[in-house]
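*Asks:* Quick one: structure below, then a few questions.
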Amino acid sequence: MNNSANIIHFVGAGPGDPELITVKGQRLLAEAELIVYTGSLVPETLLAGLTAEIHNSAGLTLDEVIELLAAGWRRGQRVVRLHTGDPAIYGAIGEQMARLGELGIPWRVVPGVSSVTAAAAALSAELTLPEVSQSVIITRRGGRTPVPEREQLPALAACQATMTILLSAGMMDEVTADLLIGGYPADTPAAVVANASQPEELIVRGTLADIAGKAREAGISKTAIIVVGKVLTAGAPPALSKLYDPDFSHGYR
């Protein structure tokens, strides 16, 4: 987009802990004159003390959101569209940016801490362990929002990489069944992290054989990340990174 001073910013609010917003995101909120935020997920504490005109988009349609953003931009206001987590992951920003583009309105995206990385932090897990898994799949199970046939969980499970499954905690039995059909062994470590980074954070650990029952017993049915893979195995990893190998170049330490 262009370098105009009057640019709409899509800002990632982070996973829930208000301190996990970026410095840039926090500055843009403080400078904003109009904020439209995803009220069902963004912590209210992020908005406390701000002087901007603030709108909760929870009950708004896409047309109404765009109308608010465009009207503020046309008035010359500093406008922020505040999304939870990182707006690039299930943030529905693509359709908003397309509409703004049709109107000739410039925008920029400010990334945020994703609930995926917040869940990994809660689990003290490295999602990419040498000789265990060097790939991370971020996906969801099809529900009201379908997923392409080639991205069904059994197909994705075939490589047995680290998998993080969002927006699916209410379908735990179906999720685990799909992953087992796809080839993960029943004893594959699994965890569910609800409300990652927030005071009510709850972690349940198990295997694919029992994680669904454990999550159900814990009362977890939404706002949770499912993490599956051998990277969750307790103890020292089977191989060390080359990063600190004495024979390895120091260029990236």
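Labels for the structure tokens follow display order: chains A, B, ..., residues from 1 in each chain, ligands from 1.
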Using DSSP on the backbone, list every residue of region 49-245 of chain A that comes out as helix (DSSP H, G or I), and give them as a PyMOL selection string.
*Replies:* chain A and resi 62-74+93-102+115-122+149-151+153-159+169-182+211-217+230-232+242-244
*Asks:* If we count only C-alpha atoms, what is near Ala119 (chain A) at a cut-off of 12 Å, once residues fewer than 6 positions away on the same chain are taken out, given as a ChimeraX atom specification?
*Replies:* /A:14-16,85,113,125-127,164-166,191-198,201-204,223-228,232
*Asks:* Please give the complete set of residues from region 40-239 of chain A that DSSP, run on the backbone, assigns to strand (DSSP E or B), formatted as a VMD selection string.
*Replies:* chain A and resid 53 to 56 79 to 83 85 107 to 110 136 to 140 162 to 166 189 to 194 202 to 207 224 to 228
*Asks:* How far is it from CA of Asn56 (chain A) to CA of Ile93 (chain A), in Å with one decimal?
*Replies:*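 Pair CA of Asn56 (chain A) / CA of Ile93 (chain A) returns 15.9 Å.
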*Asks:* Write out as a PDB file with N, CA and C atoms, in the first residue's frame the residues lying within 8 Å of Phe10 (chain A), counting only C-alpha atoms and excluding same-chain residues fewer than 3 positions away.
*Replies:*
ATOM      1  N   VAL A  80      -7.875   2.089  13.654  1.00  0.00           N
ATOM      2  CA  VAL A  80      -7.309   0.778  13.962  1.00  0.00           C
ATOM      3  C   VAL A  80      -8.423  -0.261  13.944  1.00  0.00           C
ATOM      4  N   ARG A  81      -8.187  -1.332  13.209  1.00  0.00           N
ATOM      5  CA  ARG A  81      -9.058  -2.517  13.262  1.00  0.00           C
ATOM      6  C   ARG A  81      -8.313  -3.535  14.107  1.00  0.00           C
ATOM      7  N   LEU A  82      -8.816  -3.782  15.315  1.00  0.00           N
ATOM      8  CA  LEU A  82      -8.108  -4.590  16.308  1.00  0.00           C
ATOM      9  C   LEU A  82      -8.640  -6.019  16.318  1.00  0.00           C
ATOM     10  N   HIS A  83      -7.752  -6.958  16.001  1.00  0.00           N
ATOM     11  CA  HIS A  83      -8.107  -8.376  15.956  1.00  0.00           C
ATOM     12  C   HIS A  83      -7.395  -9.136  17.058  1.00  0.00           C
ATOM     13  N   PRO A  87      -3.679 -11.377  13.209  1.00  0.00           N
ATOM     14  CA  PRO A  87      -4.815 -11.274  12.283  1.00  0.00           C
ATOM     15  C   PRO A  87      -4.673 -12.122  11.028  1.00  0.00           C
ATOM     16  N   TRP A 107      -4.134   0.408   3.661  1.00  0.00           N
ATOM     17  CA  TRP A 107      -4.059  -0.268   4.956  1.00  0.00           C
ATOM     18  C   TRP A 107      -2.676  -0.882   5.139  1.00  0.00           C
ATOM     19  N   ARG A 108      -2.392  -1.227   6.377  1.00  0.00           N
ATOM     20  CA  ARG A 108      -1.210  -2.019   6.725  1.00  0.00           C
ATOM     21  C   ARG A 108      -1.603  -2.991   7.825  1.00  0.00           C
ATOM     22  N   VAL A 109      -0.862  -4.081   7.918  1.00  0.00           N
ATOM     23  CA  VAL A 109      -1.132  -5.104   8.929  1.00  0.00           C
ATOM     24  C   VAL A 109       0.027  -5.127   9.927  1.00  0.00           C
ATOM     25  N   VAL A 110      -0.312  -5.081  11.210  1.00  0.00           N
ATOM     26  CA  VAL A 110       0.677  -5.179  12.286  1.00  0.00           C
ATOM     27  C   VAL A 110       0.494  -6.546  12.941  1.00  0.00           C
TER      28      VAL A 110
END
*Asks:* Leaving out Glu67 (chain A) and any residue of its chain fewer than 3 positions from it, which residues lie within 12 Å of it when counting only C-alpha atoms, given as an mmCIF file with C-alpha atoms, in the first residue's frame?
*Replies:*
data_model
loop_
_atom_site.group_PDB
_atom_site.id
_atom_site.type_symbol
_atom_site.label_atom_id
_atom_site.label_comp_id
_atom_site.auth_asym_id
_atom_site.auth_seq_id
_atom_site.Cartn_x
_atom_site.Cartn_y
_atom_site.Cartn_z
ATOM 1 C CA VAL A 36 -13.144 -1.228 15.736
ATOM 2 C CA HIS A 55 -16.821 0.147 18.402
ATOM 3 C CA SER A 57 -17.690 -5.511 15.989
ATOM 4 C CA LEU A 60 -21.738 -6.122 13.134
ATOM 5 C CA THR A 61 -21.839 -7.425 9.574
ATOM 6 C CA LEU A 62 -18.906 -7.070 7.173
ATOM 7 C CA ASP A 63 -20.684 -4.165 5.468
ATOM 8 C CA GLU A 64 -21.129 -2.377 8.788
ATOM 9 C CA ALA A 70 -14.150 3.890 5.686
ATOM 10 C CA ALA A 71 -16.060 6.707 7.370
ATOM 11 C CA GLY A 72 -13.292 7.226 9.895
ATOM 12 C CA TRP A 73 -10.644 7.205 7.168
ATOM 13 C CA ARG A 74 -12.592 9.740 5.108
ATOM 14 C CA GLN A 96 -11.880 -6.657 4.740
ATOM 15 C CA ARG A 99 -13.261 -4.281 0.321
ATOM 16 C CA LEU A 100 -10.972 -1.448 1.401
ATOM 17 C CA LEU A 103 -12.760 1.729 -2.081
ATOM 18 C CA ILE A 105 -8.430 3.015 1.042
#
*Asks:* Just checking: using only C-alpha atoms, which residue out of A:Cys159, A:Leu46, A:Ala32, A:Ala118 ends up closest to Glu19 (chain A)?
*Replies:*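 Ranking A:Cys159, A:Leu46, A:Ala32, A:Ala118 by distance to Glu19 (chain A), first place goes to A:Leu46.
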*Asks:* Which residue, A:Gly101, A:Gly170, A:Gly39, A:Gly182, has the smallest gap to Gly142 (chain A) when you use only C-alpha atoms?
*Replies:* A:Gly170
*Asks:* What does the distance from CA of Asp178 (chain A) to CA of Ala92 (chain A) come to in Å, to one decimal?
*Replies:*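 Taking CA of Asp178 (chain A) as the start and CA of Ala92 (chain A) as the end point, the length is 25.8 Å.
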*Asks:* How many Å lie between CA of Ser135 (chain A) and CA of Gln160 (chain A), rounded to one decimal?
*Replies:*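 It comes out at 9.3 Å.
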*Asks:* Nearest to Ile138 (chain A) among A:Thr207, A:Arg150, A:Leu156, A:Met163, with distances taken over only C-alpha atoms: which residue is it?
*Replies:*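 Counting only C-alpha atoms, the residue closest to Ile138 (chain A) is A:Met163.
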